[in-house]
$ cat entry21.cif   # mmCIF, C-alpha atoms
data_upload
#
loop_
_atom_site.label_atom_id
_atom_site.label_comp_id
_atom_site.auth_asym_id
_atom_site.auth_seq_id
_atom_site.Cartn_x
_atom_site.Cartn_y
_atom_site.Cartn_z
CA MET A 1 -106.07 -46.50 -37.50
CA ARG A 2 -106.85 -44.64 -40.71
CA LEU A 3 -105.36 -45.67 -44.05
CA ASP A 4 -104.72 -42.77 -46.42
CA GLY A 5 -103.17 -44.29 -49.54
CA PRO A 6 -99.54 -45.18 -48.78
CA VAL A 7 -99.77 -43.72 -45.26
CA ALA A 8 -101.38 -45.21 -42.14
CA ARG A 9 -102.31 -42.74 -39.41
CA ILE A 10 -102.64 -44.11 -35.88
CA ILE A 11 -105.18 -42.07 -33.90
CA SER A 12 -105.65 -42.27 -30.14
CA GLY A 13 -108.46 -40.31 -28.49
CA GLY A 14 -108.99 -38.21 -31.61
CA VAL A 15 -105.35 -37.04 -31.63
CA LEU A 16 -102.82 -38.16 -34.24
CA ALA A 17 -100.35 -40.39 -32.37
CA ARG A 18 -98.16 -41.67 -35.20
CA THR A 19 -97.86 -41.86 -38.96
CA VAL A 20 -96.30 -44.93 -40.59
CA ALA A 21 -95.92 -46.32 -44.10
CA ALA A 22 -98.95 -48.45 -44.97
CA ARG A 23 -96.78 -51.15 -46.54
CA SER A 24 -95.53 -52.04 -43.05
CA ILE A 25 -99.10 -52.81 -41.89
CA PRO A 26 -100.59 -56.19 -42.87
CA LYS A 27 -103.79 -56.17 -44.89
CA LEU A 28 -106.64 -56.35 -42.41
CA GLY A 29 -109.54 -56.89 -44.81
CA LEU A 30 -111.53 -54.05 -43.26
CA GLY A 31 -113.90 -51.85 -45.17
CA CYS A 32 -113.32 -48.12 -45.44
CA ALA A 33 -115.16 -46.00 -42.91
CA GLU A 34 -115.92 -42.29 -43.03
CA PRO A 35 -112.62 -40.59 -42.13
CA ALA A 36 -112.68 -38.72 -38.85
CA PRO A 37 -111.10 -35.26 -38.71
CA LEU A 38 -107.55 -35.30 -37.35
CA ARG A 39 -106.49 -33.14 -34.46
CA HIS A 40 -102.79 -32.62 -34.00
CA GLY A 41 -103.22 -31.23 -30.50
CA PRO A 42 -103.37 -27.61 -29.41
CA PRO A 43 -101.13 -25.15 -31.26
CA TRP A 44 -97.89 -24.21 -29.55
CA PRO A 45 -97.96 -20.76 -27.94
CA VAL A 46 -94.46 -19.82 -29.19
CA PRO A 47 -92.20 -21.36 -31.83
CA LEU A 48 -89.53 -23.72 -30.49
CA THR A 49 -85.98 -23.45 -31.85
CA VAL A 50 -83.62 -26.44 -31.80
CA ASN A 51 -80.07 -26.96 -33.05
CA ARG A 52 -79.12 -30.03 -35.08
CA ARG A 53 -75.70 -31.09 -36.32
CA VAL A 54 -75.69 -31.83 -40.06
CA SER A 55 -74.39 -35.34 -40.77
CA VAL A 56 -71.55 -36.12 -43.18
CA ARG A 57 -74.27 -37.06 -45.69
CA GLY A 58 -75.90 -33.63 -45.32
CA ALA A 59 -79.05 -34.59 -43.39
CA ILE A 60 -80.64 -33.73 -40.05
CA MET A 61 -83.43 -35.43 -38.07
CA VAL A 62 -86.25 -33.36 -36.59
CA GLY A 63 -89.43 -34.88 -35.16
CA ARG A 64 -88.64 -38.33 -36.61
CA GLN A 65 -88.34 -36.70 -40.05
CA LYS A 66 -85.15 -36.81 -42.09
CA ILE A 67 -84.49 -33.45 -43.72
CA GLN A 68 -81.84 -33.23 -46.44
CA VAL A 69 -79.94 -29.99 -45.91
CA GLY A 70 -77.16 -30.59 -48.43
CA LEU A 71 -73.58 -31.84 -48.53
CA ALA A 72 -72.27 -28.27 -48.54
CA HIS A 73 -73.51 -27.95 -44.92
CA ALA A 74 -72.03 -31.25 -43.64
CA GLY A 75 -70.53 -30.90 -40.17
CA GLN A 76 -72.19 -27.54 -39.50
CA THR A 77 -74.93 -26.78 -36.98
CA ALA A 78 -78.40 -26.01 -38.33
CA GLU A 79 -80.96 -24.00 -36.35
CA VAL A 80 -84.52 -25.27 -36.94
CA THR A 81 -87.64 -23.41 -35.82
CA LEU A 82 -90.56 -25.71 -34.93
CA GLN A 83 -94.11 -24.46 -35.07
CA SER A 84 -97.33 -26.41 -34.58
CA ASP A 85 -97.47 -27.51 -38.24
CA THR A 86 -94.14 -26.59 -39.89
CA TYR A 87 -90.38 -26.96 -39.44
#
$ encode --input "entry21.cif" --output "structure tokens"
Amino acid sequence: MRLDGPVARIISGGVLARTVAARSIPKLGLGCAEPAPLRHGPPWPVPLTVNRRVSVRGAIMVGRQKIQVGLAHAGQTAEVTLQSDTY
């Protein structure tokens, strides 16, 4: 686990497994170590496109991330292109 301010990054085998809010992790009393470089896995060969239905509140969920699209798009279908580091 690596604590980066308000974010805790859980690393398994040198690959980022999960990112959580640090306030949900109890204080461990551990000293800070030299941060290891993060690998997010190999890049995807082609972008992946997914469709998401916009909620009545104007939001979609992609990769455990809530993205606010806007109330004007509520009930519509949004097409999201996923690349190795961007949505």
$ residues_around --input "entry21.cif" --residues "Ile60 of chain A" --least-positions-apart "4" --cutoff "10 Å" --atoms "all atoms listed in the file" --output "NGL selection string"
:A and (51-56 or 64-70 or 74 or 77-78 or 80)
$ closest_residue --input "entry21.cif" --among "A:Ala59, A:Met1, A:Leu71, A:Leu82" --to "Leu16 of chain A" --atoms "only C-alpha atoms"
A:Met1
$ closest_residue --input "entry21.cif" --among "A:Ser12, A:Tyr87, A:Ala21, A:Met61" --to "Pro47 of chain A" --atoms "only C-alpha atoms"
A:Tyr87
$ atom_distance --input "entry21.cif" --atom1 "atom CA of Thr81 of chain A" --atom2 "atom CA of Pro45 of chain A"
13.3 Å
$ closest_residue --input "entry21.cif" --among "A:Arg9, A:Leu3, A:Glu79, A:Val15" --to "Leu48 of chain A" --atoms "all atoms listed in the file"
A:Glu79
$ atom_distance --input "entry21.cif" --atom1 "atom CA of Val62 of chain A" --atom2 "atom CA of Gly13 of chain A"
24.6 Å
$ closest_residue --input "entry21.cif" --among "A:Gly75, A:Gly63, A:Ser84, A:Gly58" --to "Arg18 of chain A" --atoms "all atoms listed in the file"
A:Gly63
$ atom_distance --input "entry21.cif" --atom1 "atom CA of Val7 of chain A" --atom2 "atom CA of Val50 of chain A"
27.2 Å
